[in-house]
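Heads up, query.pdb below (PDB, C-alpha atoms):
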```pdb
ATOM      1  CA  PRO G   1      16.588  91.579-126.402  1.00  0.00           C
ATOM      2  CA  ALA G   2      13.375  89.597-126.219  1.00  0.00           C
ATOM      3  CA  ARG G   3      13.192  86.068-127.486  1.00  0.00           C
ATOM      4  CA  GLY G   4      11.318  85.053-130.625  1.00  0.00           C
ATOM      5  CA  ASP G   5       9.483  81.802-131.319  1.00  0.00           C
ATOM      6  CA  ASN G   6      10.516  81.386-134.970  1.00  0.00           C
ATOM      7  CA  ALA G   7      12.165  78.000-135.522  1.00  0.00           C
ATOM      8  CA  ALA G   8      15.108  79.719-137.182  1.00  0.00           C
ATOM      9  CA  MET G   9      15.676  81.668-133.973  1.00  0.00           C
ATOM     10  CA  SER G  10      15.815  78.655-131.662  1.00  0.00           C
ATOM     11  CA  ALA G  11      19.591  78.612-131.217  1.00  0.00           C
ATOM     12  CA  SER G  12      20.834  80.199-128.000  1.00  0.00           C
ATOM     13  CA  ILE G  13      23.389  82.994-127.928  1.00  0.00           C
ATOM     14  CA  GLN G  14      25.945  83.112-125.120  1.00  0.00           C
ATOM     15  CA  ILE G  15      27.286  86.434-123.836  1.00  0.00           C
ATOM     16  CA  GLU G  16      29.694  85.597-121.027  1.00  0.00           C
ATOM     17  CA  ASN G  17      27.461  84.090-118.312  1.00  0.00           C
ATOM     18  CA  LEU G  18      24.229  85.224-119.970  1.00  0.00           C
ATOM     19  CA  THR G  19      22.165  83.198-122.416  1.00  0.00           C
ATOM     20  CA  ILE G  20      19.713  84.632-124.940  1.00  0.00           C
ATOM     21  CA  GLY G  21      17.267  82.100-126.343  1.00  0.00           C
ATOM     22  CA  PRO G  22      13.665  80.884-126.543  1.00  0.00           C
ATOM     23  CA  THR G  23      13.698  79.422-123.029  1.00  0.00           C
ATOM     24  CA  GLN G  24      15.468  82.368-121.405  1.00  0.00           C
ATOM     25  CA  LYS G  25      14.056  85.460-119.741  1.00  0.00           C
ATOM     26  CA  THR G  26      14.385  88.827-121.458  1.00  0.00           C
ATOM     27  CA  LEU G  27      17.869  90.289-121.217  1.00  0.00           C
ATOM     28  CA  LEU G  28      17.943  93.754-119.623  1.00  0.00           C
ATOM     29  CA  ILE G  29      20.552  96.267-120.794  1.00  0.00           C
ATOM     30  CA  ALA G  30      21.114  99.599-119.055  1.00  0.00           C
ATOM     31  CA  GLU G  31      22.137 102.390-121.445  1.00  0.00           C
ATOM     32  CA  LEU G  32      24.623 104.886-120.019  1.00  0.00           C
ATOM     33  CA  SER G  33      24.429 107.086-123.140  1.00  0.00           C
ATOM     34  CA  ALA G  34      25.714 110.624-122.449  1.00  0.00           C
ATOM     35  CA  ASN G  35      24.330 110.726-118.912  1.00  0.00           C
ATOM     36  CA  HIS G  36      27.867 110.585-117.519  1.00  0.00           C
ATOM     37  CA  ASP G  37      28.262 114.329-118.283  1.00  0.00           C
ATOM     38  CA  ARG G  38      31.974 113.562-118.814  1.00  0.00           C
ATOM     39  CA  ASP G  39      32.309 113.032-115.047  1.00  0.00           C
ATOM     40  CA  LEU G  40      33.841 109.674-114.083  1.00  0.00           C
ATOM     41  CA  ASP G  41      32.338 109.627-110.582  1.00  0.00           C
ATOM     42  CA  GLN G  42      28.895 110.194-112.053  1.00  0.00           C
ATOM     43  CA  ALA G  43      29.445 107.465-114.635  1.00  0.00           C
ATOM     44  CA  LEU G  44      30.553 104.999-111.950  1.00  0.00           C
ATOM     45  CA  ALA G  45      27.492 105.891-109.879  1.00  0.00           C
ATOM     46  CA  LEU G  46      25.248 105.158-112.868  1.00  0.00           C
ATOM     47  CA  VAL G  47      26.795 101.701-113.182  1.00  0.00           C
ATOM     48  CA  ASP G  48      26.029 101.119-109.494  1.00  0.00           C
ATOM     49  CA  ILE G  49      22.429 102.249-110.018  1.00  0.00           C
ATOM     50  CA  ALA G  50      22.027  99.781-112.899  1.00  0.00           C
ATOM     51  CA  ALA G  51      23.393  96.963-110.755  1.00  0.00           C
ATOM     52  CA  ASP G  52      21.204  97.870-107.786  1.00  0.00           C
ATOM     53  CA  ALA G  53      18.141  97.934-110.060  1.00  0.00           C
ATOM     54  CA  GLY G  54      18.789  94.364-111.193  1.00  0.00           C
ATOM     55  CA  TRP G  55      19.921  94.974-114.768  1.00  0.00           C
ATOM     56  CA  GLU G  56      22.222  92.413-116.338  1.00  0.00           C
ATOM     57  CA  CYS G  57      24.312  94.441-118.801  1.00  0.00           C
ATOM     58  CA  VAL G  58      25.453  98.026-119.085  1.00  0.00           C
ATOM     59  CA  LYS G  59      26.213  99.613-122.436  1.00  0.00           C
ATOM     60  CA  PHE G  60      28.515 102.511-123.141  1.00  0.00           C
ATOM     61  CA  GLN G  61      29.166 104.476-126.341  1.00  0.00           C
ATOM     62  CA  THR G  62      32.640 104.763-127.856  1.00  0.00           C
ATOM     63  CA  TYR G  63      33.056 107.748-130.138  1.00  0.00           C
ATOM     64  CA  ASN G  64      34.284 111.307-130.370  1.00  0.00           C
ATOM     65  CA  ALA G  65      33.065 114.205-132.463  1.00  0.00           C
ATOM     66  CA  ASP G  66      35.647 113.591-135.188  1.00  0.00           C
ATOM     67  CA  SER G  67      34.622 109.948-135.600  1.00  0.00           C
ATOM     68  CA  LEU G  68      30.986 110.916-136.250  1.00  0.00           C
ATOM     69  CA  THR G  69      30.983 114.200-138.115  1.00  0.00           C
ATOM     70  CA  VAL G  70      33.014 117.269-139.133  1.00  0.00           C
ATOM     71  CA  PRO G  71      33.153 120.786-137.654  1.00  0.00           C
ATOM     72  CA  SER G  72      30.906 122.800-139.943  1.00  0.00           C
ATOM     73  CA  LYS G  73      28.362 125.603-139.834  1.00  0.00           C
ATOM     74  CA  HIS G  74      26.534 124.182-142.856  1.00  0.00           C
ATOM     75  CA  PRO G  75      22.728 124.209-142.425  1.00  0.00           C
ATOM     76  CA  SER G  76      22.692 120.388-142.592  1.00  0.00           C
ATOM     77  CA  MET G  77      24.639 120.326-139.318  1.00  0.00           C
ATOM     78  CA  LYS G  78      22.123 122.482-137.467  1.00  0.00           C
ATOM     79  CA  ILE G  79      20.116 120.803-134.697  1.00  0.00           C
ATOM     80  CA  ASP G  80      17.353 121.800-132.319  1.00  0.00           C
ATOM     81  CA  PRO G  81      18.866 124.015-129.583  1.00  0.00           C
ATOM     82  CA  VAL G  82      16.932 121.882-127.061  1.00  0.00           C
ATOM     83  CA  TRP G  83      20.054 119.657-127.142  1.00  0.00           C
ATOM     84  CA  GLY G  84      22.076 122.500-125.645  1.00  0.00           C
ATOM     85  CA  THR G  85      24.022 123.406-128.771  1.00  0.00           C
ATOM     86  CA  GLU G  86      23.310 124.461-132.337  1.00  0.00           C
ATOM     87  CA  ASN G  87      25.264 121.920-134.381  1.00  0.00           C
ATOM     88  CA  LEU G  88      26.109 118.247-134.409  1.00  0.00           C
ATOM     89  CA  TYR G  89      29.853 118.567-133.920  1.00  0.00           C
ATOM     90  CA  ASP G  90      29.498 120.546-130.692  1.00  0.00           C
ATOM     91  CA  LEU G  91      26.834 118.125-129.463  1.00  0.00           C
ATOM     92  CA  TYR G  92      29.007 115.062-129.979  1.00  0.00           C
ATOM     93  CA  GLU G  93      32.054 116.829-128.545  1.00  0.00           C
ATOM     94  CA  SER G  94      30.172 117.588-125.329  1.00  0.00           C
ATOM     95  CA  ALA G  95      28.431 114.194-125.108  1.00  0.00           C
ATOM     96  CA  CYS G  96      31.233 111.724-125.896  1.00  0.00           C
ATOM     97  CA  MET G  97      32.657 109.620-123.080  1.00  0.00           C
ATOM     98  CA  PRO G  98      36.403 110.144-122.610  1.00  0.00           C
ATOM     99  CA  MET G  99      38.398 107.110-123.682  1.00  0.00           C
ATOM    100  CA  GLU G 100      40.106 106.941-120.306  1.00  0.00           C
ATOM    101  CA  PHE G 101      36.709 106.278-118.659  1.00  0.00           C
ATOM    102  CA  HIS G 102      36.314 102.935-120.424  1.00  0.00           C
ATOM    103  CA  ALA G 103      38.657 100.785-118.341  1.00  0.00           C
ATOM    104  CA  PRO G 104      37.384 101.881-114.893  1.00  0.00           C
ATOM    105  CA  LEU G 105      33.766 101.587-116.040  1.00  0.00           C
ATOM    106  CA  PHE G 106      34.264  98.097-117.458  1.00  0.00           C
ATOM    107  CA  GLU G 107      35.983  97.153-114.197  1.00  0.00           C
ATOM    108  CA  ARG G 108      33.212  98.589-111.999  1.00  0.00           C
ATOM    109  CA  ALA G 109      30.550  96.830-114.072  1.00  0.00           C
ATOM    110  CA  ARG G 110      32.269  93.479-113.648  1.00  0.00           C
ATOM    111  CA  GLU G 111      32.718  94.095-109.913  1.00  0.00           C
ATOM    112  CA  ARG G 112      28.952  94.630-109.697  1.00  0.00           C
ATOM    113  CA  GLY G 113      28.099  91.511-111.682  1.00  0.00           C
ATOM    114  CA  LEU G 114      27.146  93.307-114.888  1.00  0.00           C
ATOM    115  CA  VAL G 115      28.338  92.444-118.388  1.00  0.00           C
ATOM    116  CA  PRO G 116      29.775  95.653-119.885  1.00  0.00           C
ATOM    117  CA  PHE G 117      29.914  96.391-123.595  1.00  0.00           C
ATOM    118  CA  THR G 118      29.792  99.322-125.974  1.00  0.00           C
ATOM    119  CA  SER G 119      28.388 100.773-129.159  1.00  0.00           C
ATOM    120  CA  ILE G 120      31.285 101.235-131.558  1.00  0.00           C
ATOM    121  CA  TYR G 121      31.277 103.774-134.376  1.00  0.00           C
ATOM    122  CA  ASP G 122      34.834 103.793-135.714  1.00  0.00           C
ATOM    123  CA  PRO G 123      36.964 100.766-136.702  1.00  0.00           C
ATOM    124  CA  ARG G 124      40.005 102.585-135.332  1.00  0.00           C
ATOM    125  CA  ASP G 125      38.644 102.144-131.799  1.00  0.00           C
ATOM    126  CA  LEU G 126      38.229  98.387-132.066  1.00  0.00           C
ATOM    127  CA  ASP G 127      41.726  97.350-130.956  1.00  0.00           C
ATOM    128  CA  PHE G 128      41.383  99.459-127.813  1.00  0.00           C
ATOM    129  CA  ILE G 129      37.946  98.080-126.928  1.00  0.00           C
ATOM    130  CA  GLU G 130      39.187  94.539-127.485  1.00  0.00           C
ATOM    131  CA  THR G 131      41.810  95.074-124.756  1.00  0.00           C
ATOM    132  CA  LEU G 132      38.919  95.543-122.305  1.00  0.00           C
ATOM    133  CA  GLY G 133      37.490  92.093-123.032  1.00  0.00           C
ATOM    134  CA  CYS G 134      34.270  93.416-124.568  1.00  0.00           C
ATOM    135  CA  ALA G 135      32.010  90.362-124.956  1.00  0.00           C
ATOM    136  CA  VAL G 136      29.468  91.770-127.437  1.00  0.00           C
ATOM    137  CA  TYR G 137      29.281  94.793-129.729  1.00  0.00           C
ATOM    138  CA  LYS G 138      26.375  97.115-130.465  1.00  0.00           C
ATOM    139  CA  ILE G 139      26.069  98.693-133.912  1.00  0.00           C
ATOM    140  CA  ALA G 140      23.917 101.820-134.138  1.00  0.00           C
ATOM    141  CA  SER G 141      21.321 101.952-136.886  1.00  0.00           C
ATOM    142  CA  PHE G 142      22.999 104.794-138.762  1.00  0.00           C
ATOM    143  CA  GLU G 143      26.119 102.625-139.145  1.00  0.00           C
ATOM    144  CA  LEU G 144      24.329  99.856-141.062  1.00  0.00           C
ATOM    145  CA  THR G 145      25.850 101.119-144.315  1.00  0.00           C
ATOM    146  CA  PHE G 146      29.359 101.606-142.839  1.00  0.00           C
ATOM    147  CA  ASP G 147      30.668  98.408-144.370  1.00  0.00           C
ATOM    148  CA  ASP G 148      34.245  98.792-143.107  1.00  0.00           C
ATOM    149  CA  LEU G 149      33.020  98.981-139.510  1.00  0.00           C
ATOM    150  CA  LEU G 150      30.756  95.963-139.979  1.00  0.00           C
ATOM    151  CA  VAL G 151      33.596  93.886-141.428  1.00  0.00           C
ATOM    152  CA  GLU G 152      36.010  94.807-138.642  1.00  0.00           C
ATOM    153  CA  VAL G 153      33.506  94.041-135.858  1.00  0.00           C
ATOM    154  CA  ALA G 154      32.540  90.782-137.564  1.00  0.00           C
ATOM    155  CA  GLY G 155      36.205  89.803-137.415  1.00  0.00           C
ATOM    156  CA  THR G 156      36.038  89.591-133.616  1.00  0.00           C
ATOM    157  CA  ARG G 157      33.550  86.693-134.040  1.00  0.00           C
ATOM    158  CA  LYS G 158      31.683  88.056-131.019  1.00  0.00           C
ATOM    159  CA  PRO G 159      27.910  88.490-130.779  1.00  0.00           C
ATOM    160  CA  ILE G 160      26.534  91.670-132.334  1.00  0.00           C
ATOM    161  CA  ILE G 161      23.421  93.628-131.379  1.00  0.00           C
ATOM    162  CA  LEU G 162      22.238  95.519-134.456  1.00  0.00           C
ATOM    163  CA  SER G 163      19.881  98.493-134.175  1.00  0.00           C
ATOM    164  CA  THR G 164      17.457  99.202-137.017  1.00  0.00           C
ATOM    165  CA  GLY G 165      15.870 102.523-136.002  1.00  0.00           C
ATOM    166  CA  MET G 166      17.007 104.549-139.012  1.00  0.00           C
ATOM    167  CA  ALA G 167      17.118 101.667-141.494  1.00  0.00           C
ATOM    168  CA  ASN G 168      14.653 100.169-143.935  1.00  0.00           C
ATOM    169  CA  LEU G 169      14.465  96.419-144.526  1.00  0.00           C
ATOM    170  CA  ALA G 170      16.843  96.621-147.491  1.00  0.00           C
ATOM    171  CA  GLU G 171      19.491  98.338-145.370  1.00  0.00           C
ATOM    172  CA  VAL G 172      19.101  95.750-142.611  1.00  0.00           C
ATOM    173  CA  GLU G 173      19.479  93.029-145.216  1.00  0.00           C
ATOM    174  CA  HIS G 174      22.584  94.760-146.563  1.00  0.00           C
ATOM    175  CA  ALA G 175      24.193  94.912-143.120  1.00  0.00           C
ATOM    176  CA  LEU G 176      23.376  91.278-142.359  1.00  0.00           C
ATOM    177  CA  GLY G 177      24.859  90.237-145.690  1.00  0.00           C
ATOM    178  CA  ILE G 178      28.102  92.088-144.951  1.00  0.00           C
ATOM    179  CA  LEU G 179      28.313  90.567-141.466  1.00  0.00           C
ATOM    180  CA  ASP G 180      27.488  87.042-142.611  1.00  0.00           C
ATOM    181  CA  ARG G 181      30.029  87.122-145.441  1.00  0.00           C
ATOM    182  CA  ALA G 182      32.642  88.397-142.997  1.00  0.00           C
ATOM    183  CA  GLY G 183      31.972  85.449-140.678  1.00  0.00           C
ATOM    184  CA  SER G 184      30.520  87.384-137.757  1.00  0.00           C
ATOM    185  CA  GLY G 185      29.320  85.937-134.497  1.00  0.00           C
ATOM    186  CA  PRO G 186      25.565  85.579-133.792  1.00  0.00           C
ATOM    187  CA  ILE G 187      23.411  88.649-134.391  1.00  0.00           C
ATOM    188  CA  VAL G 188      20.446  90.080-132.490  1.00  0.00           C
ATOM    189  CA  LEU G 189      18.239  92.646-134.243  1.00  0.00           C
ATOM    190  CA  LEU G 190      16.709  95.496-132.273  1.00  0.00           C
ATOM    191  CA  HIS G 191      13.571  97.339-133.308  1.00  0.00           C
ATOM    192  CA  CYS G 192      14.292 100.934-132.285  1.00  0.00           C
ATOM    193  CA  CYS G 193      12.713 104.341-132.756  1.00  0.00           C
ATOM    194  CA  SER G 194      15.305 107.014-133.500  1.00  0.00           C
ATOM    195  CA  SER G 195      13.212 109.711-131.878  1.00  0.00           C
ATOM    196  CA  TYR G 196      13.831 111.072-128.406  1.00  0.00           C
ATOM    197  CA  PRO G 197      11.383 110.739-126.788  1.00  0.00           C
ATOM    198  CA  ALA G 198       9.456 108.566-129.253  1.00  0.00           C
ATOM    199  CA  PRO G 199       5.722 109.396-129.489  1.00  0.00           C
ATOM    200  CA  PRO G 200       3.687 106.297-128.521  1.00  0.00           C
ATOM    201  CA  GLU G 201       1.977 106.231-131.925  1.00  0.00           C
ATOM    202  CA  GLU G 202       5.388 105.769-133.578  1.00  0.00           C
ATOM    203  CA  VAL G 203       6.657 102.919-131.361  1.00  0.00           C
ATOM    204  CA  ASN G 204       5.097 100.110-133.469  1.00  0.00           C
ATOM    205  CA  LEU G 205       6.271  97.141-131.393  1.00  0.00           C
ATOM    206  CA  GLY G 206       4.820  94.864-134.060  1.00  0.00           C
ATOM    207  CA  ALA G 207       7.921  95.634-136.111  1.00  0.00           C
ATOM    208  CA  MET G 208       9.726  93.096-133.926  1.00  0.00           C
ATOM    209  CA  ALA G 209       7.559  90.360-135.430  1.00  0.00           C
ATOM    210  CA  THR G 210       8.335  91.672-138.911  1.00  0.00           C
ATOM    211  CA  LEU G 211      12.078  91.592-138.258  1.00  0.00           C
ATOM    212  CA  ALA G 212      11.859  88.089-136.794  1.00  0.00           C
ATOM    213  CA  SER G 213       9.840  86.624-139.654  1.00  0.00           C
ATOM    214  CA  HIS G 214      11.799  88.403-142.392  1.00  0.00           C
ATOM    215  CA  PHE G 215      15.302  87.675-141.148  1.00  0.00           C
ATOM    216  CA  GLY G 216      14.949  84.697-138.803  1.00  0.00           C
ATOM    217  CA  ARG G 217      17.162  86.274-136.140  1.00  0.00           C
ATOM    218  CA  PRO G 218      16.607  86.873-132.428  1.00  0.00           C
ATOM    219  CA  VAL G 219      14.942  90.250-131.911  1.00  0.00           C
ATOM    220  CA  GLY G 220      14.389  92.777-129.175  1.00  0.00           C
TER     221      GLY G 220
END
```

Is it possible to give me this structure as structure tokens?
Amino acid sequence: PARGDNAAMSASIQIENLTIGPTQKTLLIAELSANHDRDLDQALALVDIAADAGWECVKFQTYNADSLTVPSKHPSMKIDPVWGTENLYDLYESACMPMEFHAPLFERARERGLVPFTSIYDPRDLDFIETLGCAVYKIASFELTFDDLLVEVAGTRKPIILSTGMANLAEVEHALGILDRAGSGPIVLLHCCSSYPAPPEEVNLGAMATLASHFGRPVG
């Protein structure tokens, strides 16, 4: 996340040995996403690549198909076959990282000097992730209205990185209100484009300034 120069954003945020703040360099986070192909050796190799490239954090994704959607042939579940399947459930089932990968990946990241953390989608996974010593949590933009998840993650009092790609300003404000009332740790807002790949004309990096001025939070 990049730093902002708004006075309300001047406080530094500590994530283990890393500091985010106005006098700090930009924090670089490597996204493992589904590139592990459900192969632990490949996932470990990706962590090594991130470390060799000089990144500072590596982020995983903690979910399974049942925590994101339901098995259905309804037209609303249809997706572009370019993703390798025809519906969302099958996509998430093939892309999710097995839970047993988490511990060895967190360990490898720490061995390589990276701070590991994860995007969490289901409150039921929180106790498990906490056993790994996760120092910060990422909330995906389509979870900004999942109040139960927001409350549970806020309860850890750890820093939160909040994506906004699929949200309007009112939904971001809603999520921040839930987190603040639940006593969450410090929050960083990310301007994201939920389009893969995002066309350059839709990137609109100026939205970072809008988020910073509207909410007075660190942005990236």

Quick check on the file I pasted: which residues fall under the PyMOL selection byres ((chain G and resi 121) around 9)? Write them as JSON, numbers by chain. {"G": [61, 62, 63, 67, 68, 119, 120, 122, 123, 124, 125, 139, 140, 143, 146, 149]}

Please check which residues have atoms at most 12 Å from (15.3, 101.9, -143.3) in the file's coordinates, counting all atoms listed in the file, and write them as a list of chain:residue names.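 Every polymer residue passing the test: G:Ser141, G:Phe142, G:Glu143, G:Leu144, G:Thr145, G:Ser163, G:Thr164, G:Gly165, G:Met166, G:Ala167, G:Asn168, G:Leu169, G:Ala170, G:Glu171, G:Val172, G:Glu173, G:His174, G:Ala175, G:His191, G:Cys192, G:Cys193, G:Ser194, G:Leu211.
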
Here's a test: counting all atoms listed in the file, identify every protein, DNA and RNA residue with an atom at most 8 Å from (16.7, 80.8, -125.0) in the file's coordinate frame, and state them as a PyMOL selection string. chain G and resi 3+10-13+19-25

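Among the candidate residues G:Ile79, G:Leu114, G:Cys96, G:Ala65, the one lying nearest to Ile49 of chain G is G:Leu114, with distances computed using all atoms listed in the file.
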
For the atom pair atom CA of Ala109 of chain G and atom CA of Met208 of chain G, what is the interatomic distance in Å to one decimal place? 29.0 Å

Can you pull out the residues contacting segment 39-43 of chain G? Cut-off 9 Å, using all atoms listed in the file, and skip same-chain residues under 2 positions away; I want them as number ranges by chain. G: 32, 35-37, 45-48, 97-98, 101, 104-105

Atom-to-atom span, atom CA of Lys73 of chain G and atom CA of Asn87 of chain G, Å: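 According to the coordinates, atom CA of Lys73 of chain G and atom CA of Asn87 of chain G are separated by 7.3 Å.
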
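Nearest-residue note for Ser76 of chain G: choosing from G:Ile161, G:Leu132, G:Leu18, G:Leu88, the minimum distance belongs to G:Leu88, counting only C-alpha atoms.
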